[in-house]
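**Q** The following file, work-v2.pdb, comprises PDB, C-alpha atoms, pLDDT in the B column:
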ATOM      1  CA  MET A  28      73.002-130.168 -74.204  1.00 46.00           C
ATOM      2  CA  SER A  29      72.006-126.865 -72.590  1.00 48.00           C
ATOM      3  CA  ASP A  30      73.912-124.699 -70.167  1.00 50.00           C
ATOM      4  CA  THR A  31      72.249-124.959 -66.773  1.00 51.00           C
ATOM      5  CA  SER A  32      74.907-123.154 -64.742  1.00 54.00           C
ATOM      6  CA  ALA A  33      73.782-120.576 -62.219  1.00 53.00           C
ATOM      7  CA  ARG A  34      76.338-118.018 -63.379  1.00 54.00           C
ATOM      8  CA  ASN A  35      75.752-115.472 -66.059  1.00 51.00           C
ATOM      9  CA  PRO A  36      77.735-116.640 -69.104  1.00 57.00           C
ATOM     10  CA  SER A  37      78.853-113.093 -69.910  1.00 61.00           C
ATOM     11  CA  GLY A  38      80.305-112.656 -66.409  1.00 77.00           C
ATOM     12  CA  GLY A  39      83.234-114.958 -67.168  1.00 81.00           C
ATOM     13  CA  PRO A  40      85.600-112.289 -68.543  1.00 84.00           C
ATOM     14  CA  LYS A  41      85.042-110.102 -65.461  1.00 86.00           C
ATOM     15  CA  LEU A  42      85.731-112.989 -63.091  1.00 85.00           C
ATOM     16  CA  LEU A  43      88.847-113.919 -65.028  1.00 83.00           C
ATOM     17  CA  ALA A  44      90.138-110.318 -65.076  1.00 86.00           C
ATOM     18  CA  ASP A  45      89.550-109.941 -61.328  1.00 87.00           C
ATOM     19  CA  ALA A  46      91.383-113.203 -60.639  1.00 86.00           C
ATOM     20  CA  LEU A  47      94.271-112.144 -62.860  1.00 84.00           C
ATOM     21  CA  LEU A  48      94.616-108.742 -61.194  1.00 86.00           C
ATOM     22  CA  ARG A  49      94.555-110.342 -57.729  1.00 86.00           C
ATOM     23  CA  SER A  50      97.049-113.042 -58.671  1.00 87.00           C
ATOM     24  CA  VAL A  51      99.717-110.517 -59.712  1.00 86.00           C
ATOM     25  CA  ASN A  52      99.601-108.688 -56.376  1.00 83.00           C
ATOM     26  CA  GLY A  53      96.746-106.370 -57.222  1.00 80.00           C
ATOM     27  CA  THR A  54      96.518-103.372 -54.931  1.00 88.00           C
ATOM     28  CA  THR A  55      94.067-100.528 -54.392  1.00 91.00           C
ATOM     29  CA  ALA A  56      93.820 -97.094 -55.958  1.00 93.00           C
ATOM     30  CA  GLN A  57      91.863 -94.074 -54.809  1.00 93.00           C
ATOM     31  CA  LEU A  58      90.154 -91.710 -57.216  1.00 92.00           C
ATOM     32  CA  ARG A  59      89.806 -88.199 -55.819  1.00 91.00           C
ATOM     33  CA  VAL A  60      86.442 -87.072 -57.167  1.00 87.00           C
ATOM     34  CA  THR A  61      84.395 -83.943 -56.713  1.00 80.00           C
ATOM     35  CA  GLY A  62      81.050 -84.229 -55.014  1.00 72.00           C
ATOM     36  CA  VAL A  63      78.002 -84.038 -57.210  1.00 60.00           C
ATOM     37  CA  ASN A  64      75.971 -80.981 -56.159  1.00 55.00           C
ATOM     38  CA  THR A  65      72.633 -80.039 -57.599  1.00 53.00           C
ATOM     39  CA  ASP A  66      72.855 -76.282 -56.955  1.00 56.00           C
ATOM     40  CA  SER A  67      75.724 -75.153 -59.152  1.00 61.00           C
ATOM     41  CA  ASN A  68      74.826 -71.442 -58.840  1.00 66.00           C
ATOM     42  CA  GLN A  69      75.874 -71.345 -55.204  1.00 63.00           C
ATOM     43  CA  LEU A  70      79.092 -73.200 -56.034  1.00 60.00           C
ATOM     44  CA  GLU A  71      79.976 -70.731 -58.783  1.00 65.00           C
ATOM     45  CA  VAL A  72      79.843 -67.724 -56.482  1.00 66.00           C
ATOM     46  CA  GLY A  73      81.633 -69.517 -53.641  1.00 63.00           C
ATOM     47  CA  LEU A  74      78.729 -69.826 -51.216  1.00 63.00           C
ATOM     48  CA  MET A  75      79.163 -73.593 -50.947  1.00 64.00           C
ATOM     49  CA  ALA A  76      82.464 -75.386 -50.618  1.00 64.00           C
ATOM     50  CA  THR A  77      83.316 -78.074 -53.144  1.00 69.00           C
ATOM     51  CA  THR A  78      83.406 -81.500 -51.525  1.00 77.00           C
ATOM     52  CA  PHE A  79      85.914 -84.174 -52.439  1.00 82.00           C
ATOM     53  CA  TYR A  80      85.614 -87.921 -51.967  1.00 83.00           C
ATOM     54  CA  GLU A  81      88.093 -90.771 -52.129  1.00 90.00           C
ATOM     55  CA  VAL A  82      86.640 -93.592 -54.228  1.00 91.00           C
ATOM     56  CA  VAL A  83      88.482 -96.879 -53.679  1.00 92.00           C
ATOM     57  CA  LEU A  84      89.039 -99.208 -56.639  1.00 93.00           C
ATOM     58  CA  SER A  85      90.419-102.710 -56.138  1.00 90.00           C
ATOM     59  CA  PRO A  86      92.023-104.800 -57.541  1.00 92.00           C
ATOM     60  CA  VAL A  87      94.277-102.664 -59.707  1.00 93.00           C
ATOM     61  CA  VAL A  88      97.716-103.248 -61.176  1.00 93.00           C
ATOM     62  CA  MET A  89     100.104-100.492 -62.178  1.00 92.00           C
ATOM     63  CA  ARG A  90     102.948-100.769 -64.643  1.00 89.00           C
ATOM     64  CA  LYS A  91     105.458 -98.330 -66.051  1.00 87.00           C
ATOM     65  CA  LEU A  92     105.326 -97.834 -69.790  1.00 83.00           C
ATOM     66  CA  ARG A  93     108.422 -97.543 -71.936  1.00 72.00           C
ATOM     67  CA  PRO A  94     109.999 -94.085 -71.929  1.00 66.00           C
ATOM     68  CA  THR A  95     109.390 -91.876 -74.932  1.00 61.00           C
ATOM     69  CA  TRP A  96     113.066 -90.883 -75.225  1.00 63.00           C
ATOM     70  CA  LYS A  97     112.229 -87.226 -75.584  1.00 64.00           C
ATOM     71  CA  GLU A  98     114.310 -84.669 -73.779  1.00 62.00           C
ATOM     72  CA  GLY A  99     112.459 -83.801 -70.582  1.00 62.00           C
ATOM     73  CA  GLY A 100     109.845 -86.487 -71.221  1.00 65.00           C
ATOM     74  CA  GLU A 101     107.864 -87.684 -68.230  1.00 71.00           C
ATOM     75  CA  ALA A 102     107.396 -91.294 -67.276  1.00 75.00           C
ATOM     76  CA  LYS A 103     104.004 -92.715 -68.208  1.00 85.00           C
ATOM     77  CA  TRP A 104     102.141 -95.318 -66.220  1.00 91.00           C
ATOM     78  CA  GLU A 105      99.268 -97.634 -67.039  1.00 93.00           C
ATOM     79  CA  LEU A 106      96.732 -98.561 -64.396  1.00 93.00           C
ATOM     80  CA  LEU A 107      94.683-101.708 -65.046  1.00 94.00           C
ATOM     81  CA  VAL A 108      91.410-101.473 -63.121  1.00 94.00           C
ATOM     82  CA  SER A 109      88.787-104.152 -62.501  1.00 92.00           C
ATOM     83  CA  ALA A 110      85.503-103.365 -64.276  1.00 92.00           C
ATOM     84  CA  THR A 111      83.637-105.018 -61.394  1.00 93.00           C
ATOM     85  CA  SER A 112      85.060-102.476 -58.959  1.00 93.00           C
ATOM     86  CA  VAL A 113      84.312 -99.555 -61.280  1.00 93.00           C
ATOM     87  CA  GLU A 114      80.712-100.711 -61.778  1.00 93.00           C
ATOM     88  CA  ALA A 115      80.219-100.997 -58.012  1.00 93.00           C
ATOM     89  CA  GLN A 116      81.382 -97.406 -57.525  1.00 92.00           C
ATOM     90  CA  VAL A 117      79.272 -96.142 -60.436  1.00 92.00           C
ATOM     91  CA  HIS A 118      76.173 -97.648 -58.796  1.00 92.00           C
ATOM     92  CA  ALA A 119      77.172 -96.401 -55.319  1.00 90.00           C
ATOM     93  CA  LEU A 120      77.565 -92.817 -56.576  1.00 87.00           C
ATOM     94  CA  ASP A 121      74.458 -93.095 -58.779  1.00 88.00           C
ATOM     95  CA  LEU A 122      76.317 -92.138 -61.954  1.00 89.00           C
ATOM     96  CA  SER A 123      75.314 -92.957 -65.501  1.00 90.00           C
ATOM     97  CA  SER A 124      78.531 -94.663 -66.643  1.00 92.00           C
ATOM     98  CA  ALA A 125      82.151 -95.419 -65.881  1.00 92.00           C
ATOM     99  CA  GLN A 126      83.125 -92.507 -68.121  1.00 92.00           C
ATOM    100  CA  ALA A 127      81.151 -90.191 -65.820  1.00 91.00           C
ATOM    101  CA  LEU A 128      83.119 -91.507 -62.834  1.00 91.00           C
ATOM    102  CA  PHE A 129      86.457 -90.956 -64.556  1.00 92.00           C
ATOM    103  CA  ASN A 130      85.350 -87.460 -65.659  1.00 90.00           C
ATOM    104  CA  LEU A 131      84.798 -86.527 -62.004  1.00 88.00           C
ATOM    105  CA  ALA A 132      88.281 -87.736 -61.034  1.00 89.00           C
ATOM    106  CA  LEU A 133      90.814 -85.024 -60.264  1.00 89.00           C
ATOM    107  CA  ALA A 134      93.654 -87.388 -59.390  1.00 92.00           C
ATOM    108  CA  VAL A 135      94.463 -91.047 -58.837  1.00 93.00           C
ATOM    109  CA  THR A 136      96.461 -92.089 -55.776  1.00 92.00           C
ATOM    110  CA  VAL A 137      98.397 -95.355 -55.757  1.00 92.00           C
ATOM    111  CA  SER A 138     100.760 -96.162 -52.868  1.00 88.00           C
ATOM    112  CA  GLY A 139     100.758 -92.551 -51.692  1.00 88.00           C
ATOM    113  CA  GLN A 140     101.742 -91.091 -55.084  1.00 90.00           C
ATOM    114  CA  ASP A 141      99.313 -88.892 -57.036  1.00 91.00           C
ATOM    115  CA  TYR A 142      98.833 -89.253 -60.789  1.00 93.00           C
ATOM    116  CA  LEU A 143      96.762 -87.423 -63.399  1.00 92.00           C
ATOM    117  CA  ILE A 144      94.611 -89.273 -65.928  1.00 92.00           C
ATOM    118  CA  GLU A 145      95.624 -88.636 -69.535  1.00 92.00           C
ATOM    119  CA  ALA A 146      93.549 -91.265 -71.358  1.00 92.00           C
ATOM    120  CA  ILE A 147      91.012 -93.989 -70.646  1.00 94.00           C
ATOM    121  CA  ALA A 148      90.422 -97.191 -72.588  1.00 93.00           C
ATOM    122  CA  SER A 149      88.320-100.263 -71.909  1.00 93.00           C
ATOM    123  CA  ASN A 150      88.856-103.894 -72.809  1.00 91.00           C
ATOM    124  CA  GLU A 151      85.814-105.900 -73.870  1.00 90.00           C
ATOM    125  CA  ALA A 152      84.968-109.535 -74.446  1.00 87.00           C
ATOM    126  CA  PHE A 153      81.590-110.834 -75.633  1.00 82.00           C
ATOM    127  CA  GLY A 154      80.209-107.302 -75.484  1.00 83.00           C
ATOM    128  CA  THR A 155      81.093-106.852 -71.809  1.00 87.00           C
ATOM    129  CA  THR A 156      83.777-104.548 -70.422  1.00 91.00           C
ATOM    130  CA  TYR A 157      86.045-106.533 -68.127  1.00 91.00           C
ATOM    131  CA  MET A 158      88.904-104.067 -67.501  1.00 94.00           C
ATOM    132  CA  TYR A 159      89.693-100.369 -67.765  1.00 95.00           C
ATOM    133  CA  ARG A 160      93.133 -99.057 -68.678  1.00 94.00           C
ATOM    134  CA  LEU A 161      94.082 -95.590 -67.465  1.00 94.00           C
ATOM    135  CA  LEU A 162      97.121 -93.815 -68.901  1.00 93.00           C
ATOM    136  CA  LEU A 163      98.611 -91.788 -66.052  1.00 92.00           C
ATOM    137  CA  ARG A 164     101.406 -89.305 -65.512  1.00 88.00           C
ATOM    138  CA  GLU A 165     102.961 -88.258 -62.238  1.00 85.00           C
ATOM    139  CA  THR A 166     101.998 -84.986 -60.634  1.00 80.00           C
ATOM    140  CA  HIS A 167     104.800 -82.669 -59.670  1.00 70.00           C
ATOM    141  CA  THR A 168     104.403 -80.294 -56.792  1.00 59.00           C
ATOM    142  CA  GLU A 169     106.149 -77.056 -57.562  1.00 54.00           C
ATOM    143  CA  SER A 170     107.679 -75.165 -54.710  1.00 46.00           C
ATOM    144  CA  LEU A 171     107.753 -71.395 -54.556  1.00 46.00           C
TER     145      LEU A 171
END
Show this structure as structure tokens.
**A**
Amino acid sequence: MSDTSARNPSGGPKLLADALLRSVNGTTAQLRVTGVNTDSNQLEVGLMATTFYEVVLSPVVMRKLRPTWKEGGEAKWELLVSATSVEAQVHALDLSSAQALFNLALAVTVSGQDYLIEAIASNEAFGTTYMYRLLLRETHTESL
């Protein structure tokens, strides 16, 4: 018997990951990315202002990782991001890969709190990435 379904058989893990993230109260996250400019010489000498964009990723789920028990250790967070959402933004910004998108990111905002990306990992099934995991730490604004 042959598979005559209209869906791509390798799209199943992505659909399942999206459903899972939505079912556990998935929310949205914004990546603050720098604009891609072609004339870097003018940027270097300050003739053109750097532009920033808010790239929305949804669904995402955030969880706090176990503390490291070091004196003065910061809390670490893990952000689970839908690969479908990341791929849509990669195509919208005309980037080469998801890694290029995350390399442009200066900060991640979830529920009004800013975080910095420390590490990026991807989960794969059947050769297809279905979820990205970002290791985050909180940003601290220092007052003068």
**Q** Nearest to Leu161 in chain A: which of A:Glu105, A:Ser149, A:Asn130, A:Thr111 is it, counting all atoms listed in the file?
**A**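 Residue with the minimum atom-to-atom distance to Leu161 in chain A: A:Glu105.
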**Q** Evaluate the PyMOL selection byres ((chain A and resi 91) around 7) on the structure here and hand back the selected residues as a PyMOL selection string.
**A** chain A and resi 89-90+92-93+103-105
**Q** Please define a box with edges along x, y and z of the file around all atoms of range 122-126 of chain A given in the file, extend it by 6 Å on each side, and return its centre and edge lengths in Å to one decimal, as JSON.
**A**
{"center_x": 79.2, "center_y": -93.8, "center_z": -65.0, "size_x": 19.8, "size_y": 15.3, "size_z": 18.2}
**Q** What is the distance, in Å and to one decimal place, between CA of Thr55 in chain A and CA of Ser85 in chain A?
**A**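 Pair CA of Thr55 in chain A / CA of Ser85 in chain A returns 4.6 Å.
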**Q** Excluding Glu81 in chain A and its own-chain neighbours fewer than 2 positions away, which residues fall within 6 Å of it when counting all atoms listed in the file? Please give them as number ranges by chain.
**A** A: 57-59
**Q** When you count only C-alpha atoms, which of these residues is closest to Ala119 in chain A: A:Ala102, A:Leu107, A:Val83, A:Val51?
**A**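 Selected residue with least distance to Ala119 in chain A: A:Val83.
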**Q** Excluding Glu114 in chain A and residues on its chain fewer than 6 positions from it, collect all residues at most 10 Å away from it, counting all atoms listed in the file, and give them as JSON, numbers by chain.
**A** {"A": [84, 120, 122, 124, 125, 128, 156]}
**Q** Report as a list in words the full result of the PyMOL selection byres ((chain A and resi 42-48) around 7) when it is applied to this structure.
**A**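 This file gives the following for the PyMOL selection byres ((chain A and resi 42-48) around 7): Gly38, Gly39, Pro40, Lys41, Arg49, Ser50, Val51, Asn52, Gly53, Pro86, Val87, Val88, Ser109, Tyr157 and Met158 of chain A.
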**Q** Just C-alpha atoms for this one: save the residues we selected as an mmCIF file, in the frame of the given file.
**A**
data_model
loop_
_atom_site.group_PDB
_atom_site.id
_atom_site.type_symbol
_atom_site.label_atom_id
_atom_site.label_comp_id
_atom_site.auth_asym_id
_atom_site.auth_seq_id
_atom_site.Cartn_x
_atom_site.Cartn_y
_atom_site.Cartn_z
ATOM 1 C CA GLY A 38 80.305 -112.656 -66.409
ATOM 2 C CA GLY A 39 83.234 -114.958 -67.168
ATOM 3 C CA PRO A 40 85.600 -112.289 -68.543
ATOM 4 C CA LYS A 41 85.042 -110.102 -65.461
ATOM 5 C CA ARG A 49 94.555 -110.342 -57.729
ATOM 6 C CA SER A 50 97.049 -113.042 -58.671
ATOM 7 C CA VAL A 51 99.717 -110.517 -59.712
ATOM 8 C CA ASN A 52 99.601 -108.688 -56.376
ATOM 9 C CA GLY A 53 96.746 -106.370 -57.222
ATOM 10 C CA PRO A 86 92.023 -104.800 -57.541
ATOM 11 C CA VAL A 87 94.277 -102.664 -59.707
ATOM 12 C CA VAL A 88 97.716 -103.248 -61.176
ATOM 13 C CA SER A 109 88.787 -104.152 -62.501
ATOM 14 C CA TYR A 157 86.045 -106.533 -68.127
ATOM 15 C CA MET A 158 88.904 -104.067 -67.501
#
**Q** So how far away is CA of Glu151 in chain A from CA of Leu106 in chain A, in Å?
**A** 16.2 Å
**Q** Record the distance separating CA of Val117 in chain A and CA of Ala146 in chain A, expressed in Å with one decimal.
**A**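 Distance between the two atoms: 18.6 Å.
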**Q** Would you kindly return, as number ranges by chain, each protein, DNA or RNA residue with an atom no farther than 9 Å from any atom of Gly62 in chain A, considering all atoms listed in the file and excluding same-chain residues fewer than 4 positions away?
**A** A: 77-80, 131
**Q** Starting from the displayed file, determine the output of the PyMOL selection byres ((chain A and resi 136) around 8) and express the residue list as a list of chain:residue names.
**A** A:Ala56, A:Gln57, A:Leu58, A:Arg59, A:Ala134, A:Val135, A:Val137, A:Ser138, A:Gly139, A:Gln140, A:Asp141, A:Tyr142
